[in-house]
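Peer 1: My file is structure13.txt. It has compact mmCIF, C-alpha atoms:
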# COMPACT_ATOMS: atom_id res chain seq x y z
CA MET A 1 114.88 -81.10 -16.71
CA SER A 2 111.41 -80.33 -17.70
CA LYS A 3 110.34 -80.98 -21.27
CA PHE A 4 108.18 -77.92 -21.37
CA LYS A 5 109.38 -74.39 -21.61
CA LYS A 6 108.13 -71.91 -19.13
CA VAL A 7 105.40 -69.71 -20.48
CA PRO A 8 106.58 -66.10 -20.41
CA GLU A 9 104.68 -64.15 -17.76
CA LYS A 10 104.85 -60.74 -19.41
CA VAL A 11 102.58 -61.54 -22.38
CA PRO A 12 99.21 -61.75 -20.53
CA LYS A 13 100.15 -58.63 -18.55
CA LYS A 14 100.60 -56.71 -21.78
CA LYS A 15 97.31 -58.10 -23.11
CA LYS A 16 95.59 -57.06 -19.90
CA SER A 17 97.09 -53.59 -20.14
CA ARG A 18 95.91 -53.30 -23.75
CA SER A 19 92.42 -54.47 -22.81
CA ASP A 20 92.33 -51.90 -19.96
CA GLU A 21 93.25 -49.18 -22.41
CA GLU A 22 90.54 -50.25 -24.80
CA PHE A 23 88.00 -50.38 -22.00
CA ALA A 24 89.01 -46.92 -20.80
CA TYR A 25 88.87 -45.53 -24.32
CA ARG A 26 85.44 -47.08 -24.92
CA THR A 27 84.27 -45.57 -21.63
CA VAL A 28 85.51 -42.16 -22.79
CA ILE A 29 83.56 -42.49 -26.05
CA ILE A 30 80.33 -43.76 -24.45
CA SER A 31 80.32 -41.22 -21.64
CA THR A 32 81.06 -38.41 -24.12
CA ILE A 33 78.06 -39.51 -26.20
CA PHE A 34 75.89 -39.44 -23.06
CA SER A 35 77.21 -36.05 -21.97
CA SER A 36 76.49 -34.69 -25.51
CA ILE A 37 72.92 -36.03 -25.29
CA PHE A 38 72.39 -34.38 -21.91
CA LEU A 39 73.94 -31.14 -23.12
CA ILE A 40 71.44 -31.07 -26.01
CA LEU A 41 68.58 -31.83 -23.59
CA SER A 42 69.84 -29.13 -21.26
CA MET A 43 69.96 -26.67 -24.17
CA LEU A 44 66.34 -27.54 -25.06
CA PHE A 45 64.99 -27.28 -21.49
CA ASN A 46 67.26 -24.70 -19.85
CA GLY A 47 67.69 -22.65 -23.02
CA GLY A 48 63.90 -22.24 -23.11
CA ILE A 49 63.44 -23.88 -26.52
CA ILE A 50 61.02 -26.46 -25.11
CA THR A 51 58.57 -25.77 -22.28
CA ILE A 52 58.16 -28.96 -20.29
CA PHE A 53 54.90 -28.11 -18.48
CA ASN A 54 52.39 -25.47 -19.50
CA GLN A 55 50.39 -25.70 -16.29
CA GLN A 56 51.42 -23.67 -13.31
CA SER A 57 51.22 -25.22 -9.91
CA LEU A 58 53.63 -26.13 -7.16
CA LEU A 59 53.80 -29.76 -8.34
CA TRP A 60 54.51 -28.96 -12.00
CA ASP A 61 56.97 -26.20 -11.11
CA THR A 62 58.87 -28.56 -8.79
CA LEU A 63 58.97 -31.26 -11.47
CA ASP A 64 60.20 -28.67 -13.98
CA VAL A 65 63.09 -27.66 -11.71
CA LEU A 66 63.96 -31.31 -10.97
CA ILE A 67 64.06 -32.24 -14.67
CA LYS A 68 66.10 -29.19 -15.69
CA GLY A 69 68.55 -29.60 -12.80
CA GLY A 70 68.68 -33.39 -13.26
CA VAL A 71 69.69 -33.06 -16.90
CA ILE A 72 72.56 -30.72 -15.96
CA LEU A 73 73.73 -33.06 -13.20
CA LEU A 74 73.70 -36.01 -15.59
CA PHE A 75 75.72 -33.95 -18.07
CA TYR A 76 78.27 -33.21 -15.35
CA PHE A 77 78.33 -36.84 -14.20
CA PHE A 78 79.11 -38.25 -17.66
CA THR A 79 81.52 -35.45 -18.53
CA MET A 80 83.47 -36.14 -15.35
CA ILE A 81 83.67 -39.86 -16.13
CA SER A 82 84.70 -39.15 -19.70
CA TYR A 83 87.31 -36.53 -18.80
CA GLY A 84 88.64 -38.58 -15.89
CA ASN A 85 89.25 -41.57 -18.15
CA TYR A 86 90.67 -39.32 -20.86
CA LYS A 87 93.21 -37.91 -18.43
CA GLU A 88 94.02 -41.38 -17.17
CA LEU A 89 94.74 -42.53 -20.72
CA ASN A 90 97.11 -39.55 -20.97
CA GLY A 91 98.72 -40.64 -17.73
CA LYS A 92 97.74 -37.51 -15.80
CA PRO A 93 95.23 -36.84 -13.00
CA ILE A 94 92.50 -34.21 -13.25
CA GLU A 95 93.79 -30.94 -11.90
CA PHE A 96 91.83 -28.75 -9.52
CA LYS A 97 91.40 -25.94 -12.10
CA GLU A 98 89.94 -28.45 -14.60
CA LEU A 99 87.56 -29.73 -11.97
CA LEU A 100 86.52 -26.16 -11.25
CA LEU A 101 86.05 -25.45 -14.97
CA LEU A 102 83.76 -28.48 -15.38
CA PHE A 103 81.86 -27.38 -12.29
CA LEU A 104 81.34 -23.91 -13.74
CA LEU A 105 80.42 -25.26 -17.19
CA ALA A 106 77.65 -27.28 -15.58
CA LEU A 107 76.51 -24.48 -13.32
CA VAL A 108 76.40 -21.85 -16.06
CA GLN A 109 73.66 -23.85 -17.84
CA SER A 110 71.33 -23.17 -14.94
CA SER A 111 72.29 -19.52 -14.51
CA LEU A 112 69.04 -18.24 -16.07
CA HIS A 113 66.72 -20.00 -13.60
CA PRO A 114 67.27 -19.24 -9.90
CA TYR A 115 65.58 -22.42 -8.56
CA VAL A 116 67.35 -24.67 -11.09
CA PHE A 117 70.62 -22.93 -10.16
CA GLY A 118 70.09 -23.69 -6.46
CA PHE A 119 69.14 -27.30 -7.10
CA THR A 120 72.08 -27.82 -9.52
CA LEU A 121 74.57 -26.25 -7.12
CA PHE A 122 73.42 -28.57 -4.34
CA GLY A 123 73.51 -31.59 -6.68
CA LEU A 124 76.99 -30.73 -7.95
CA PHE A 125 78.38 -30.65 -4.43
CA LEU A 126 76.79 -34.05 -3.79
CA LEU A 127 78.30 -35.44 -7.01
CA ILE A 128 81.75 -34.08 -6.17
CA GLY A 129 81.42 -35.67 -2.73
CA TYR A 130 80.43 -38.95 -4.39
CA PHE A 131 83.40 -38.85 -6.78
CA TYR A 132 85.73 -38.00 -3.90
CA LEU A 133 84.47 -40.93 -1.84
CA ILE A 134 84.74 -43.51 -4.63
CA GLN A 135 88.23 -42.19 -5.42
CA GLU A 136 89.19 -42.69 -1.78
CA SER A 137 87.79 -46.24 -1.63
CA MET B 1 -18.59 -42.92 -10.72
CA ARG B 2 -20.97 -40.12 -11.60
CA LYS B 3 -20.68 -38.22 -14.84
CA LYS B 4 -20.07 -34.99 -12.94
CA ASP B 5 -17.09 -36.51 -11.11
CA ILE B 6 -15.55 -37.65 -14.39
CA LYS B 7 -15.91 -34.13 -15.78
CA ILE B 8 -14.24 -32.66 -12.69
CA LEU B 9 -11.35 -35.15 -12.97
CA ILE B 10 -10.86 -34.39 -16.66
CA SER B 11 -10.94 -30.65 -15.92
CA ILE B 12 -8.34 -31.04 -13.17
CA PHE B 13 -6.14 -33.09 -15.51
CA ILE B 14 -6.36 -30.47 -18.31
CA ILE B 15 -5.61 -27.61 -15.88
CA ASN B 16 -2.67 -29.58 -14.51
CA VAL B 17 -1.25 -30.22 -17.99
CA ILE B 18 -1.61 -26.54 -18.96
CA PHE B 19 -0.09 -25.41 -15.67
CA THR B 20 2.91 -27.73 -15.80
CA SER B 21 3.58 -27.03 -19.46
CA THR B 22 3.83 -23.29 -18.77
CA LEU B 23 5.82 -23.92 -15.62
CA PHE B 24 8.62 -25.83 -17.35
CA SER B 25 8.55 -24.07 -20.66
CA LEU B 26 11.91 -22.56 -21.56
CA ASP B 27 10.37 -20.06 -23.95
CA VAL B 28 11.91 -16.87 -22.73
CA HIS B 29 11.69 -13.74 -24.77
CA GLY B 30 13.63 -10.58 -24.29
CA GLN B 31 17.19 -9.37 -23.92
CA TYR B 32 19.73 -11.75 -22.52
CA ILE B 33 22.93 -10.82 -20.75
CA GLU B 34 25.85 -11.15 -23.15
CA ILE B 35 29.04 -12.31 -21.49
CA ASP B 36 32.52 -11.95 -22.86
CA PRO B 37 34.50 -14.21 -20.51
CA PRO B 38 38.01 -12.98 -19.80
CA TYR B 39 41.03 -15.25 -19.80
CA GLY B 40 42.61 -16.28 -16.52
CA ILE B 41 44.42 -19.02 -14.65
CA ALA B 42 42.24 -22.12 -14.36
CA PRO B 43 40.44 -22.31 -11.02
CA GLU B 44 40.29 -25.61 -9.19
CA ILE B 45 36.90 -27.25 -9.66
CA ASP B 46 36.31 -28.33 -6.09
CA GLY B 47 33.18 -26.40 -5.11
CA PHE B 48 35.10 -24.13 -2.76
CA PHE B 49 34.62 -20.44 -3.35
CA ASN B 50 36.74 -18.42 -1.04
CA ASP B 51 36.93 -14.67 -1.50
CA THR B 52 40.51 -14.73 -0.26
CA ASP B 53 41.88 -17.31 -2.71
CA ASN B 54 41.29 -15.00 -5.73
CA GLU B 55 40.54 -17.97 -7.99
CA TRP B 56 37.69 -16.20 -9.76
CA ASP B 57 39.15 -12.69 -9.59
CA LYS B 58 39.74 -12.52 -13.34
CA ALA B 59 36.28 -13.85 -14.17
CA PHE B 60 33.32 -11.87 -15.48
CA HIS B 61 30.97 -11.44 -12.52
CA THR B 62 27.31 -10.54 -12.55
CA GLY B 63 24.23 -10.94 -10.44
CA LEU B 64 21.30 -12.77 -12.01
CA GLN B 65 17.80 -13.87 -11.07
CA LEU B 66 16.54 -17.34 -11.85
CA TYR B 67 12.80 -17.27 -12.48
CA LYS B 68 10.11 -19.88 -12.45
CA ASN B 69 8.67 -18.59 -15.69
CA GLU B 70 8.70 -15.49 -17.81
CA THR B 71 6.19 -13.63 -15.66
CA GLN B 72 8.16 -11.22 -13.56
CA THR B 73 5.81 -11.62 -10.59
CA ASP B 74 8.04 -14.43 -9.42
CA PRO B 75 10.57 -12.92 -6.97
CA GLY B 76 13.20 -15.23 -8.45
CA LEU B 77 16.30 -16.80 -7.00
CA PRO B 78 19.19 -14.33 -6.88
CA ILE B 79 22.51 -15.87 -7.86
CA ASP B 80 26.06 -14.67 -8.37
CA LEU B 81 27.59 -15.82 -11.62
CA TRP B 82 31.27 -15.91 -12.57
CA ILE B 83 32.46 -16.94 -16.03
CA MET B 84 36.01 -17.16 -17.32
CA GLN B 85 38.03 -19.26 -19.72
CA ASN B 86 41.51 -20.35 -20.54
CA GLY B 87 42.79 -21.82 -23.80
CA THR B 88 41.09 -25.16 -23.36
CA GLU B 89 38.22 -24.78 -20.88
CA LEU B 90 35.26 -22.59 -19.98
CA TYR B 91 34.70 -22.15 -16.24
CA ILE B 92 31.37 -21.22 -14.70
CA CYS B 93 30.71 -20.64 -11.02
CA ILE B 94 27.27 -20.10 -9.51
CA ARG B 95 26.81 -19.08 -5.88
CA PHE B 96 23.61 -18.33 -4.03
CA GLU B 97 21.94 -18.45 -0.68
CA LEU B 98 18.73 -20.23 0.12
CA GLY B 99 17.05 -20.97 3.45
CA GLN B 100 17.71 -24.44 4.82
CA ASP B 101 14.00 -25.21 5.06
CA SER B 102 13.50 -24.64 1.34
CA ARG B 103 16.33 -26.95 0.40
CA LYS B 104 15.87 -30.51 -0.67
CA ASP B 105 18.40 -33.31 -0.67
CA ASP B 106 18.11 -33.83 -4.43
CA GLU B 107 18.78 -30.23 -5.47
CA PHE B 108 20.60 -29.69 -8.76
CA MET B 109 22.03 -26.93 -10.87
CA GLY B 110 22.29 -27.37 -14.62
CA LEU B 111 23.65 -25.70 -17.70
CA LEU B 112 21.63 -26.22 -20.87
CA ILE B 113 23.64 -25.23 -23.92
CA THR B 114 22.27 -24.14 -27.28
CA GLU B 115 23.90 -25.15 -30.51
CA ARG B 116 24.12 -21.58 -31.81
CA ARG B 117 23.48 -18.02 -30.83
CA ILE B 118 19.89 -17.03 -30.27
CA ILE B 119 19.72 -13.98 -32.50
CA ASP B 120 16.00 -13.94 -32.95
CA GLU B 121 14.40 -12.79 -29.73
CA ASN B 122 11.24 -14.73 -30.51
CA VAL B 123 13.03 -18.01 -31.04
CA ASN B 124 11.90 -20.92 -28.94
CA ILE B 125 15.04 -21.55 -26.99
CA SER B 126 14.12 -25.09 -25.99
CA GLU B 127 14.42 -26.13 -29.64
CA ASP B 128 18.02 -24.98 -29.74
CA ILE B 129 19.18 -26.74 -26.61
CA VAL B 130 21.08 -29.89 -27.43
CA ASP B 131 23.46 -30.36 -24.51
CA ALA B 132 23.05 -30.29 -20.75
CA LYS B 133 25.37 -30.62 -17.76
CA PHE B 134 24.09 -31.08 -14.25
CA ILE B 135 25.54 -31.17 -10.78
CA GLN B 136 23.01 -33.35 -9.04
CA PHE B 137 22.95 -33.83 -5.30
CA SER B 138 21.85 -37.23 -4.06
CA ASN B 139 22.21 -36.29 -0.41
CA LYS B 140 22.80 -32.66 0.34
CA THR B 141 23.26 -33.31 4.05
CA THR B 142 26.30 -35.50 3.43
CA GLY B 143 27.38 -33.49 0.37
CA GLU B 144 27.08 -36.39 -2.10
CA PHE B 145 26.69 -35.24 -5.67
CA THR B 146 27.36 -36.42 -9.23
CA TYR B 147 28.28 -34.53 -12.38
CA LYS B 148 25.97 -35.56 -15.21
CA ASP B 149 26.28 -35.04 -18.94
CA TYR B 150 23.09 -35.26 -21.01
CA TYR B 151 22.18 -34.67 -24.62
CA ILE B 152 18.76 -33.54 -25.72
CA ASN B 153 16.76 -34.67 -28.67
CA GLU B 154 13.30 -33.22 -29.19
CA ASP B 155 13.02 -32.14 -25.55
CA VAL B 156 13.92 -35.61 -24.28
CA TYR B 157 16.99 -35.80 -22.06
CA TYR B 158 19.36 -38.73 -22.70
CA ASN B 159 22.35 -39.71 -20.62
CA ASP B 160 25.54 -39.07 -22.61
CA PRO B 161 27.63 -42.28 -22.47
CA SER B 162 30.88 -40.31 -22.73
CA SER B 163 30.76 -37.62 -20.09
CA ASN B 164 32.68 -34.45 -20.88
CA GLY B 165 33.51 -31.61 -18.55
CA ASN B 166 33.60 -31.54 -14.81
CA GLY B 167 31.62 -30.12 -11.93
CA ALA B 168 31.70 -29.80 -8.16
CA SER B 169 29.55 -28.31 -5.45
CA ILE B 170 29.78 -27.62 -1.76
CA LEU B 171 27.14 -26.38 0.66
CA GLU B 172 28.48 -24.27 3.49
CA GLU B 173 25.87 -23.10 5.97
CA GLU B 174 23.48 -20.98 3.89
CA THR B 175 25.68 -20.64 0.82
CA ILE B 176 25.95 -23.16 -1.98
CA VAL B 177 28.54 -23.04 -4.75
CA TYR B 178 28.35 -24.90 -8.07
CA GLU B 179 31.44 -24.96 -10.28
CA PHE B 180 31.44 -26.18 -13.87
CA GLN B 181 34.28 -26.84 -16.29
CA LEU B 182 33.48 -27.35 -19.98
CA PRO B 183 35.95 -28.20 -22.75
CA VAL B 184 36.48 -25.51 -25.39
CA ASN B 185 37.41 -26.25 -28.98
CA SER B 186 38.28 -29.85 -28.18
CA SER B 187 35.18 -32.04 -27.92
CA ASP B 188 34.89 -34.86 -30.43
CA ASP B 189 31.66 -36.12 -28.91
CA ASP B 190 28.68 -35.64 -31.26
CA ASN B 191 26.39 -35.47 -28.25
CA ASP B 192 28.12 -32.35 -26.95
CA VAL B 193 28.02 -28.81 -28.26
CA PHE B 194 31.40 -28.01 -29.78
CA LEU B 195 32.24 -24.71 -28.09
CA ASP B 196 34.21 -23.01 -30.82
CA TYR B 197 36.32 -19.86 -30.63
CA GLY B 198 34.63 -16.69 -31.80
CA GLU B 199 31.10 -18.16 -31.54
CA ASP B 200 28.22 -17.26 -29.23
CA TYR B 201 26.22 -19.86 -27.32
CA GLY B 202 23.13 -19.61 -25.20
CA PHE B 203 23.51 -21.02 -21.69
CA VAL B 204 20.36 -21.71 -19.72
CA ILE B 205 21.19 -21.79 -16.03
CA VAL B 206 18.62 -24.01 -14.44
CA TYR B 207 17.93 -24.79 -10.81
CA GLY B 208 15.71 -27.64 -9.67
CA GLU B 209 14.91 -30.32 -7.17
CA GLY B 210 14.59 -33.95 -8.18
CA THR B 211 16.18 -36.16 -10.80
CA ASN B 212 13.59 -35.98 -13.54
CA TYR B 213 14.72 -33.64 -16.30
CA PRO B 214 13.14 -31.34 -17.43
CA ALA B 215 10.07 -31.93 -15.24
CA ASP B 216 11.99 -31.03 -12.07
CA PHE B 217 13.31 -27.72 -13.37
CA LYS B 218 12.20 -24.99 -10.97
CA LYS B 219 13.88 -21.76 -11.96
CA PHE B 220 16.11 -20.64 -14.80
CA ASN B 221 17.60 -17.77 -16.76
CA ILE B 222 19.59 -17.39 -19.94
CA VAL B 223 22.93 -15.80 -20.73
CA ILE B 224 24.79 -15.56 -24.02
CA VAL B 225 28.46 -16.50 -23.79
CA GLU B 226 30.98 -15.67 -26.47
CA ILE B 227 33.90 -18.09 -26.57
CA ASN B 228 36.95 -15.90 -26.99
CA TYR B 229 40.07 -16.70 -28.95
CA PRO B 230 43.19 -17.13 -26.82
CA PRO B 231 44.91 -13.76 -26.36
CA ALA B 232 47.92 -13.11 -28.56
CA GLU B 233 51.25 -13.75 -26.91
CA PRO B 234 52.76 -10.44 -25.77
CA PRO B 235 56.04 -9.57 -27.51
CA PRO B 236 59.05 -10.71 -25.49
CA GLY B 237 60.41 -8.11 -23.08
CA LEU B 238 64.01 -6.91 -22.89
CA TRP B 239 64.91 -9.42 -20.16
CA GLU B 240 63.45 -12.27 -22.24
CA GLN B 241 65.54 -11.19 -25.23
CA VAL B 242 68.69 -10.90 -23.10
CA ARG B 243 68.02 -14.33 -21.63
CA PHE B 244 67.57 -15.79 -25.09
CA VAL B 245 70.85 -14.29 -26.37
CA LEU B 246 72.68 -15.38 -23.19
CA SER B 247 71.40 -18.94 -23.47
CA ILE B 248 72.49 -19.09 -27.12
CA MET B 249 75.96 -17.83 -26.13
CA ILE B 250 76.27 -20.23 -23.19
CA PHE B 251 75.22 -23.32 -25.09
CA SER B 252 77.18 -22.39 -28.22
CA PHE B 253 80.29 -22.04 -26.06
CA LEU B 254 79.60 -25.42 -24.42
CA GLY B 255 78.97 -27.00 -27.82
CA VAL B 256 82.27 -25.69 -29.17
CA LEU B 257 84.11 -26.98 -26.08
CA LEU B 258 82.52 -30.40 -26.45
CA GLY B 259 83.45 -30.44 -30.14
CA LEU B 260 87.09 -29.63 -29.28
CA TYR B 261 87.08 -32.30 -26.61
CA THR B 262 85.70 -34.88 -29.09
CA TYR B 263 88.48 -33.89 -31.51
CA LYS B 264 91.04 -34.43 -28.75
CA ILE B 265 89.54 -37.88 -28.06
CA ILE B 266 90.02 -38.80 -31.73
CA LEU B 267 93.62 -37.56 -31.56
CA LEU B 268 94.11 -39.64 -28.43
CA LYS B 269 93.02 -42.74 -30.35
CA ASN B 270 95.71 -42.07 -32.97
CA LYS B 271 98.24 -41.41 -30.20
CA ILE B 272 97.44 -44.76 -28.57
CA GLU B 273 97.75 -46.53 -31.92
CA ARG B 274 101.16 -44.95 -32.54
CA TYR B 275 102.30 -45.83 -29.01
CA ARG B 276 101.26 -49.45 -29.52
CA LYS B 277 103.16 -49.68 -32.80
CA ASN B 278 106.31 -48.28 -31.18
CA VAL B 279 106.03 -50.70 -28.25
The structure given in the file should be rewritten as C-alpha cells.
Peer 2:
Amino acid sequence: MSKFKKVPEKVPKKKKSRSDEEFAYRTVIISTIFSSIFLILSMLFNGGIITIFNQQSLLWDTLDVLIKGGVILLFYFFTMISYGNYKELNGKPIEFKELLLLFLLALVQSSLHPYVFGFTLFGLFLLIGYFYLIQES
Amino acid sequence: MRKKDIKILISIFIINVIFTSTLFSLDVHGQYIEIDPPYGIAPEIDGFFNDTDNEWDKAFHTGLQLYKNETQTDPGLPIDLWIMQNGTELYICIRFELGQDSRKDDEFMGLLITERRIIDENVNISEDIVDAKFIQFSNKTTGEFTYKDYYINEDVYYNDPSSNGNGASILEEETIVYEFQLPVNSSDDDNDVFLDYGEDYGFVIVYGEGTNYPADFKKFNIVIVEINYPPAEPPPGLWEQVRFVLSIMIFSFLGVLLGLYTYKIILLKNKIERYRKNV
C-alpha cells in the first residue's frame, strides 16, 4: 500500500473555475470601461460637440466619417465583449433581441450623419460576422 | 581720351541715372482702388485658373493696368485681379496675357506690402513698403519658378530667412496666372507685415523681368486691401437645433443604459461572492 494519499482531483478544478470567473469578470469591467470611453468619444464627435476637421475636402471629409464611424464600431465591439461575458457569468447566452438592441444602440449614434450611418451599418454587419465566426470556431 | 569724350560719357551717365531712377520709382500719386475682399472657401494655390472650377467665384474681381511709371502715356499691362480671404489667409490671383515674343524666361510677379494704409495721397509709397513676395520664374519654358519672401529696409531688398506665404504660377499658351497666399493675423516674423483684421494695407503689384529687385521692376500699380474680420457665425437653423436636441436625447439615453448596466455588473460581483460563500 502506498504511503502517500492520493491528491484529490476536484480541488484544482474548482480553483480553475474560480480563476475563469475572475478572468471573465475582469474582462467585463475592462471592456465596459473601454465601451464607456468610446461612448463619450462618440458623443463628442457624433453629437457635434467637437469638430474634428475644419477644412473641407474629400480627404478630410472621408477621415471625418472614418473616425466617427470607427468610434461607434469600437463602442459596439467592447460592449458586445462586455455583455457577452456578463451573460456567461449569469449562465445564459445572449438572446437575439439583446443582440438587436445593441445593434440599434450603436446605429442610433450615427443617425444624424448619413455617411457615418452607412459606414457604421456596414461595419456592424462585419463585426457581427466576425463574432459569429469566432463563436463557431 | 579727349576732354570732350569724357564730358559726353559723364552726360550719358547722368542721363542714365535720372532715367532709371524715374523708371523704377514707386512714387505714385492719385486714387488707388480700395478692395474689400470677400470671404470664401480657400482656393488651391497651384497656378491653375479654370473658369469652370469656380475657385475664385467668391473673390473680388477687377481689371487693372500695370504701368511703367506714373505718366499715363504708357499703354500699360492689363491684368485681371482676384482677391479673397478666409479666416487665416489672404488669396490673390493675377492673370494676364502677353505675347510670347515679349516674354522672358526670368519673368516675375511680386506683391510689395506697406506697413499701414496710405492715407496721404502725396506720401512716397516706397518708404512704406517693408515686405515683398515674389513668384520668380527661372525657366518659363519648363515652368520652373520659386516663391520668394523678401523684407525691405531703406529700399534695399533682403531675403527673408523664414519664408511665409505661398505662391504658384502656370503659363498656358498666351495666358499666365500667378496665385499668392499670405497669412492673416498669424505671422510672428518681424520681417513680415502682420496683416491684421480691420486694417488697410497698400499692395503694390509689380511685374518685371530679371532677378535684381527693384532694378528689374518693369510695371506696377497699387491697390488698398482691407483685411476683413471673419463673418459672424449665422444663428443655428431649425434642423441644427433639432439635431442638437436629438443628439442630447440619444446620448443621454445611452449614458443612462450604460449606468444601469454598470450597476448590474456591481450587483453581479456581489452575487458571485454570495455564490462562492454558499459553495
Peer 1: Would you mind listing what lies within 10 Å of segment 58-71 of chain A as a PyMOL selection string, with all atoms listed in the file counted and same-chain residues fewer than 6 positions away left out?
Peer 2: chain A and resi 35+37-47+51-52+77+106-107+109-110+113-124
Peer 1: Report as JSON lines the residues of chain B within 9 Å of chain A, each with its shortest atom pair and distance in Å (one decimal), using only C-alpha atoms, ordered by chain and increasing residue number.
Peer 2:
{"residue": "B:Ile41", "atom": "CA", "partner": "A:Gln56", "partner_atom": "CA", "distance": 8.5}
{"residue": "B:Arg243", "atom": "CA", "partner": "A:Leu112", "partner_atom": "CA", "distance": 6.9}
{"residue": "B:Phe244", "atom": "CA", "partner": "A:Gly47", "partner_atom": "CA", "distance": 7.2}
{"residue": "B:Leu246", "atom": "CA", "partner": "A:Leu112", "partner_atom": "CA", "distance": 8.5}
{"residue": "B:Ser247", "atom": "CA", "partner": "A:Gly47", "partner_atom": "CA", "distance": 5.3}
{"residue": "B:Ile248", "atom": "CA", "partner": "A:Gly47", "partner_atom": "CA", "distance": 7.2}
{"residue": "B:Ile250", "atom": "CA", "partner": "A:Gln109", "partner_atom": "CA", "distance": 7.0}
{"residue": "B:Phe251", "atom": "CA", "partner": "A:Met43", "partner_atom": "CA", "distance": 6.3}
{"residue": "B:Leu254", "atom": "CA", "partner": "A:Leu105", "partner_atom": "CA", "distance": 7.3}
{"residue": "B:Gly255", "atom": "CA", "partner": "A:Leu39", "partner_atom": "CA", "distance": 8.0}
{"residue": "B:Leu258", "atom": "CA", "partner": "A:Ser36", "partner_atom": "CA", "distance": 7.5}
{"residue": "B:Tyr261", "atom": "CA", "partner": "A:Tyr83", "partner_atom": "CA", "distance": 8.9}
{"residue": "B:Thr262", "atom": "CA", "partner": "A:Thr32", "partner_atom": "CA", "distance": 7.7}
{"residue": "B:Ile265", "atom": "CA", "partner": "A:Tyr86", "partner_atom": "CA", "distance": 7.4}
{"residue": "B:Leu268", "atom": "CA", "partner": "A:Asn90", "partner_atom": "CA", "distance": 8.0}
{"residue": "B:Lys269", "atom": "CA", "partner": "A:Tyr25", "partner_atom": "CA", "distance": 7.8}
{"residue": "B:Ile272", "atom": "CA", "partner": "A:Leu89", "partner_atom": "CA", "distance": 8.6}
{"residue": "B:Arg276", "atom": "CA", "partner": "A:Arg18", "partner_atom": "CA", "distance": 8.8}
Peer 1: Could you work out how far atom CA of Met109 of chain B lies from atom CA of Tyr91 of chain B, giving the answer in Å with one decimal?
Peer 2: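 According to the coordinates, atom CA of Tyr91 of chain B and atom CA of Met109 of chain B are separated by 14.6 Å.
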Peer 1: Can you measure atom CA of Asn139 of chain B to atom CA of Trp56 of chain B for me? One decimal in Å is fine.
Peer 2: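 If I compute the distance from atom CA of Asn139 of chain B to atom CA of Trp56 of chain B, I get 27.0 Å.
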Peer 1: Could you tell me how far atom CA of Lys140 of chain B sits from atom CA of Lys104 of chain B, in Å to one decimal place?
Peer 2: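 Computed distance, atom CA of Lys104 of chain B to atom CA of Lys140 of chain B, equals 7.3 Å.
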